[in-house]
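Below is the file final_0.cif, which contains mmCIF, C-alpha atoms.
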data_run
#
loop_
_atom_site.group_PDB
_atom_site.id
_atom_site.type_symbol
_atom_site.label_atom_id
_atom_site.label_comp_id
_atom_site.auth_asym_id
_atom_site.auth_seq_id
_atom_site.Cartn_x
_atom_site.Cartn_y
_atom_site.Cartn_z
ATOM 1 C CA GLY A 1 17.567 -20.800 59.305
ATOM 2 C CA SER A 2 14.414 -21.082 57.187
ATOM 3 C CA THR A 3 14.945 -17.659 55.545
ATOM 4 C CA ILE A 4 18.544 -18.412 54.511
ATOM 5 C CA ARG A 5 17.698 -21.477 52.439
ATOM 6 C CA PRO A 6 15.206 -19.707 50.064
ATOM 7 C CA ARG A 7 17.672 -16.853 49.577
ATOM 8 C CA ALA A 8 20.489 -19.264 48.732
ATOM 9 C CA THR A 9 18.204 -21.168 46.364
ATOM 10 C CA LEU A 10 17.115 -17.897 44.747
ATOM 11 C CA ALA A 11 20.751 -16.770 44.342
ATOM 12 C CA VAL A 12 21.776 -20.090 42.759
ATOM 13 C CA SER A 13 18.733 -19.973 40.451
ATOM 14 C CA LEU A 14 19.574 -16.431 39.425
ATOM 15 C CA ILE A 15 23.185 -17.423 38.656
ATOM 16 C CA ILE A 16 21.953 -20.353 36.536
ATOM 17 C CA VAL A 17 19.557 -18.083 34.603
ATOM 18 C CA VAL A 18 22.270 -15.475 33.940
ATOM 19 C CA ALA A 19 24.777 -18.158 32.858
ATOM 20 C CA SER A 20 22.164 -19.688 30.554
ATOM 21 C CA LEU A 21 21.460 -16.302 28.970
ATOM 22 C CA VAL A 22 25.172 -15.699 28.406
ATOM 23 C CA ILE A 23 25.480 -19.106 26.698
ATOM 24 C CA VAL A 24 22.378 -18.540 24.536
ATOM 25 C CA ILE A 25 23.536 -15.055 23.496
ATOM 26 C CA GLY A 26 27.005 -16.437 22.677
ATOM 27 C CA VAL A 27 25.511 -19.204 20.521
ATOM 28 C CA LEU A 28 23.175 -16.775 18.751
ATOM 29 C CA LYS A 29 26.100 -14.504 17.977
ATOM 30 C CA GLY A 30 28.182 -17.453 16.881
ATOM 31 C CA ASN A 31 30.710 -16.918 19.653
ATOM 32 C CA THR A 32 31.276 -20.245 21.362
ATOM 33 C CA GLY A 33 34.380 -19.104 23.155
ATOM 34 C CA GLY A 34 36.612 -19.044 20.078
ATOM 35 C CA GLU A 35 37.959 -16.072 18.204
ATOM 36 C CA ILE A 36 35.387 -13.530 16.977
ATOM 37 C CA ASP A 37 35.223 -13.232 13.186
ATOM 38 C CA ARG A 38 35.772 -9.516 12.584
ATOM 39 C CA ASN A 39 35.058 -9.928 8.831
ATOM 40 C CA GLU A 40 31.462 -10.982 9.440
ATOM 41 C CA PRO A 41 29.180 -7.997 8.706
ATOM 42 C CA GLU A 42 27.245 -6.766 11.681
ATOM 43 C CA PRO A 43 23.529 -7.365 11.287
ATOM 44 C CA THR A 44 21.689 -4.143 10.676
ATOM 45 C CA VAL A 45 18.337 -3.440 12.202
ATOM 46 C CA LEU A 46 16.208 -1.193 10.021
ATOM 47 C CA SER A 47 13.242 0.722 11.260
ATOM 48 C CA PRO A 48 10.042 -0.545 9.609
ATOM 49 C CA THR A 49 9.124 3.098 9.039
ATOM 50 C CA SER A 50 12.274 3.948 7.052
ATOM 51 C CA ARG A 51 12.315 4.348 3.266
ATOM 52 C CA VAL A 52 15.227 1.900 2.869
ATOM 53 C CA TYR A 53 13.191 -0.726 4.720
ATOM 54 C CA ASP A 54 10.406 -0.166 2.174
ATOM 55 C CA VAL A 55 12.856 -0.466 -0.737
ATOM 56 C CA ILE A 56 14.310 -3.729 0.609
ATOM 57 C CA LYS A 57 10.839 -5.105 1.229
ATOM 58 C CA LEU A 58 9.677 -4.196 -2.306
ATOM 59 C CA VAL A 59 12.813 -5.593 -3.979
ATOM 60 C CA GLY A 60 12.561 -8.809 -1.945
ATOM 61 C CA ASN A 61 8.827 -9.237 -2.550
ATOM 62 C CA MET A 62 9.265 -8.687 -6.304
ATOM 63 C CA GLY A 63 12.094 -11.243 -6.388
ATOM 64 C CA TRP A 64 14.559 -8.767 -7.882
ATOM 65 C CA SER A 65 17.197 -9.905 -5.361
ATOM 66 C CA ASP A 66 17.360 -12.566 -2.698
ATOM 67 C CA ARG A 67 16.717 -11.342 0.827
ATOM 68 C CA GLY A 68 20.101 -12.518 2.109
ATOM 69 C CA SER A 69 22.087 -10.235 -0.209
ATOM 70 C CA LEU A 70 19.666 -7.362 0.396
ATOM 71 C CA GLN A 71 20.237 -7.598 4.129
ATOM 72 C CA THR A 72 24.031 -7.872 3.962
ATOM 73 C CA PRO A 73 25.603 -4.468 4.621
ATOM 74 C CA GLY A 74 28.189 -3.642 1.978
ATOM 75 C CA SER A 75 26.782 -5.963 -0.703
ATOM 76 C CA ALA A 76 26.020 -4.481 -4.122
ATOM 77 C CA GLN A 77 22.318 -5.160 -3.515
ATOM 78 C CA TRP A 78 22.422 -3.396 -0.146
ATOM 79 C CA LYS A 79 24.194 -0.390 -1.686
ATOM 80 C CA ALA A 80 21.696 -0.263 -4.577
ATOM 81 C CA ALA A 81 18.750 -0.332 -2.151
ATOM 82 C CA GLN A 82 20.387 2.425 -0.079
ATOM 83 C CA TRP A 83 20.944 4.471 -3.250
ATOM 84 C CA ILE A 84 17.329 4.055 -4.410
ATOM 85 C CA SER A 85 16.164 5.018 -0.920
ATOM 86 C CA ASP A 86 18.406 7.931 -0.022
ATOM 87 C CA ASP A 87 20.576 9.137 -2.903
ATOM 88 C CA ASP A 88 18.680 8.621 -6.164
ATOM 89 C CA PRO A 89 18.002 12.192 -7.313
ATOM 90 C CA LYS A 90 14.856 10.959 -9.081
ATOM 91 C CA LYS A 91 13.225 9.965 -5.722
ATOM 92 C CA MET A 92 10.812 7.574 -7.417
ATOM 93 C CA GLU A 93 7.651 6.280 -5.825
ATOM 94 C CA LEU A 94 8.206 2.797 -4.467
ATOM 95 C CA THR A 95 5.918 0.955 -6.871
ATOM 96 C CA PRO A 96 7.126 -1.937 -9.046
ATOM 97 C CA THR A 97 7.624 -0.165 -12.384
ATOM 98 C CA GLN A 98 10.014 -1.057 -15.215
ATOM 99 C CA GLU A 99 12.034 2.104 -14.533
ATOM 100 C CA LEU A 100 12.415 1.348 -10.823
ATOM 101 C CA MET A 101 13.526 -2.214 -11.619
ATOM 102 C CA ASN A 102 16.005 -0.923 -14.235
ATOM 103 C CA ARG A 103 17.444 1.621 -11.807
ATOM 104 C CA TYR A 104 17.809 -0.956 -9.039
ATOM 105 C CA ILE A 105 19.434 -3.623 -11.266
ATOM 106 C CA LEU A 106 21.772 -1.154 -13.003
ATOM 107 C CA ALA A 107 22.728 0.373 -9.636
ATOM 108 C CA THR A 108 23.479 -3.179 -8.414
ATOM 109 C CA LEU A 109 25.669 -3.698 -11.504
ATOM 110 C CA TYR A 110 27.418 -0.388 -10.807
ATOM 111 C CA PHE A 111 28.213 -1.281 -7.204
ATOM 112 C CA ALA A 112 29.116 -4.918 -8.010
ATOM 113 C CA LEU A 113 31.668 -3.816 -10.623
ATOM 114 C CA GLY A 114 33.282 -0.906 -8.754
ATOM 115 C CA GLY A 115 31.413 1.871 -10.572
ATOM 116 C CA GLU A 116 33.098 4.587 -8.541
ATOM 117 C CA GLU A 117 36.345 3.731 -10.374
ATOM 118 C CA TRP A 118 34.992 3.374 -13.923
ATOM 119 C CA TYR A 119 36.804 5.469 -16.519
ATOM 120 C CA MET A 120 33.489 7.075 -17.552
ATOM 121 C CA GLN A 121 30.334 7.452 -15.469
ATOM 122 C CA MET A 122 27.916 7.540 -18.467
ATOM 123 C CA ASN A 123 25.162 9.166 -16.377
ATOM 124 C CA PHE A 124 24.968 6.096 -14.108
ATOM 125 C CA LEU A 125 23.199 6.940 -10.849
ATOM 126 C CA SER A 126 21.989 10.271 -12.237
ATOM 127 C CA ASN A 127 18.463 11.655 -12.288
ATOM 128 C CA ALA A 128 18.163 10.766 -15.992
ATOM 129 C CA ASP A 129 15.974 7.800 -16.926
ATOM 130 C CA SER A 130 18.023 4.599 -16.789
ATOM 131 C CA CYS A 131 17.702 4.246 -20.589
ATOM 132 C CA LYS A 132 19.773 7.431 -20.865
ATOM 133 C CA TRP A 133 22.645 6.117 -18.764
ATOM 134 C CA HIS A 134 25.069 6.302 -21.699
ATOM 135 C CA ASP A 135 27.567 8.638 -23.359
ATOM 136 C CA PRO A 136 28.927 9.013 -26.890
ATOM 137 C CA LEU A 137 32.397 7.639 -27.505
ATOM 138 C CA SER A 138 34.577 7.914 -30.586
ATOM 139 C CA SER A 139 36.071 4.578 -31.521
ATOM 140 C CA GLU A 140 39.559 4.065 -32.960
ATOM 141 C CA SER A 141 38.019 3.935 -36.426
ATOM 142 C CA GLY A 142 36.436 7.339 -35.861
ATOM 143 C CA ILE A 143 32.930 5.881 -35.941
ATOM 144 C CA PRO A 144 30.912 7.304 -33.044
ATOM 145 C CA THR A 145 29.317 4.788 -30.739
ATOM 146 C CA THR A 146 27.418 4.852 -27.480
ATOM 147 C CA VAL A 147 28.756 3.303 -24.267
ATOM 148 C CA GLY A 148 26.505 2.459 -21.371
ATOM 149 C CA VAL A 149 22.862 1.361 -21.558
ATOM 150 C CA SER A 150 20.590 1.192 -24.611
ATOM 151 C CA CYS A 151 16.885 0.399 -24.387
ATOM 152 C CA TYR A 152 14.066 -0.975 -26.481
ATOM 153 C CA ASN A 153 11.060 1.378 -26.713
ATOM 154 C CA GLY A 154 12.735 3.639 -24.159
ATOM 155 C CA GLU A 155 11.849 1.166 -21.410
ATOM 156 C CA SER A 156 13.441 -2.284 -21.528
ATOM 157 C CA VAL A 157 17.228 -2.548 -21.399
ATOM 158 C CA ARG A 158 18.413 -4.287 -24.585
ATOM 159 C CA GLU A 159 22.162 -3.611 -24.523
ATOM 160 C CA ILE A 160 24.872 -2.926 -21.961
ATOM 161 C CA PHE A 161 28.107 -1.824 -23.634
ATOM 162 C CA LEU A 162 30.938 -1.135 -21.170
ATOM 163 C CA PRO A 163 34.223 -2.103 -22.871
ATOM 164 C CA ALA A 164 37.555 -1.234 -21.236
ATOM 165 C CA MET A 165 35.926 0.852 -18.497
ATOM 166 C CA ASN A 166 37.881 -0.551 -15.528
ATOM 167 C CA LEU A 167 35.059 -2.811 -14.355
ATOM 168 C CA LYS A 168 36.178 -5.088 -11.518
ATOM 169 C CA GLY A 169 34.184 -7.760 -9.704
ATOM 170 C CA SER A 170 31.443 -10.266 -10.489
ATOM 171 C CA LEU A 171 28.291 -9.784 -12.515
ATOM 172 C CA PRO A 172 25.196 -9.711 -10.328
ATOM 173 C CA SER A 173 22.574 -12.380 -11.021
ATOM 174 C CA GLU A 174 19.929 -9.614 -11.156
ATOM 175 C CA LEU A 175 20.915 -9.010 -14.807
ATOM 176 C CA GLY A 176 18.973 -12.195 -15.617
ATOM 177 C CA LEU A 177 15.745 -10.297 -14.889
ATOM 178 C CA MET A 178 16.315 -8.045 -17.893
ATOM 179 C CA LEU A 179 14.444 -10.246 -20.340
ATOM 180 C CA ASP A 180 14.998 -7.961 -23.361
ATOM 181 C CA LEU A 181 18.761 -7.768 -22.769
ATOM 182 C CA TYR A 182 20.283 -9.453 -25.807
ATOM 183 C CA ASP A 183 23.736 -7.892 -26.001
ATOM 184 C CA ILE A 184 26.155 -7.344 -23.167
ATOM 185 C CA ASN A 185 29.698 -6.340 -24.041
ATOM 186 C CA LEU A 186 32.191 -6.033 -21.197
ATOM 187 C CA PHE A 187 35.461 -6.928 -22.919
ATOM 188 C CA ARG A 188 38.844 -5.724 -21.614
ATOM 189 C CA ASN A 189 37.726 -5.449 -17.990
ATOM 190 C CA LYS A 190 38.536 -7.488 -14.867
ATOM 191 C CA ILE A 191 35.309 -9.382 -14.331
ATOM 192 C CA GLU A 192 35.302 -12.707 -12.484
ATOM 193 C CA GLY A 193 32.731 -15.344 -11.714
ATOM 194 C CA VAL A 194 29.870 -16.942 -13.579
ATOM 195 C CA ILE A 195 27.756 -15.301 -16.253
#
As structure tokens:
Amino acid sequence: GSTIRPRATLAVSLIIVVASLVIVIGVLKGNTGGEIDRNEPEPTVLSPTSRVYDVIKLVGNMGWSDRGSLQTPGSAQWKAAQWISDDDPKKMELTPTQELMNRYILATLYFALGGEEWYMQMNFLSNADSCKWHDPLSSESGIPTTVGVSCYNGESVREIFLPAMNLKGSLPSELGLMLDLYDINLFRNKIEGVI
């Protein structure tokens, strides 16, 4: 009879440990027995040796975006970091330069405002320097103008001119980091939220 009691105690202890783990995992996942929120993005685990991890770390450390938006799959910031990491044809070194900041912020703007559906792409997300992300456009008066991005000294963004381009969404707060930006014209689009 003395060998049965320790086994029973061990079995009960094991059941308690397993039940406790199930409860802790449920709480950590936010599942307390209710319905699972299928709209909640799944957390993504990035390898510390991946380029996108390095981009997110750099952007977060420089304060170009808050870490929460950077780590939310599907956010404009997440998509911009992914683009810089994997799809930017320029494949820039990951050092905090004006051009890298411009590319990241303008890519965030592109993804935040549905850039894939803009009426013109204006070289956005191309291998051209971000200050050349623009195209000529003839206005109704016949006076040629440039739509897209214009820069000061070929470096600092000073104007973003995207009228009637089918922009939809909210302006990203990252635009506030463009200290030389003095003119932003987005009329006749479907932009919501706070400027």
If I wrap all listed atoms of segment 129-133 of chain A in a box with edges along x, y and z and add 4 Å on each side, what are its centre and edge lengths in Å to one decimal, as AutoDock Vina command-line options?
--center_x 19.3 --center_y 6.0 --center_z -18.8 --size_x 14.7 --size_y 11.6 --size_z 12.1
- Task: Using the chain letters and numbering of this document, enumerate as a ChimeraX atom specification the residues selected by the PyMOL selection byres ((chain A and resi 80-87) around 12).
- Result: /A:46,50-60,64-65,67,69-79,88-94,99-112,115,124-127,172,174
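Using only C-alpha atoms, the smallest distance between any of A:Met122, A:Val194, A:Ile143, A:Ile184 and Phe161 of chain A comes from A:Ile184.
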- Let me know the residues the PyMOL selection byres ((chain A and resi 167) around 8) catches in the file above, as a ChimeraX atom specification. /A:113-115,117-118,164-166,168-169,189-191
- Query: Could you work out how far atom CA of Ser130 of chain A lies from atom CA of Gly154 of chain A, giving the answer in Å with one decimal?
  - Reply: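 Computing the Euclidean distance for atom CA of Gly154 of chain A and atom CA of Ser130 of chain A yields 9.1 Å.
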- Ile160 of chain A: which residues within 10 Å, counting all atoms listed in the file, same-chain residues fewer than 6 positions away excluded, as a list in words?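 Result of the neighbour search: Leu106, Trp133, His134, Thr146, Val147, Gly148, Val149, Ser150, Cys151, Leu181, Tyr182, Asp183, Ile184, Asn185 and Leu186 of chain A.
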- atom CA of Glu192 of chain A and atom CA of Ser170 of chain A, how far apart in Å?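 Atom CA of Glu192 of chain A lies at a distance of 5.0 Å from atom CA of Ser170 of chain A.
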- Find the distance between atom CA of Asn123 of chain A and atom CA of Pro136 of chain A and write it in Å to one decimal.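 Those two atoms sit 11.2 Å apart.
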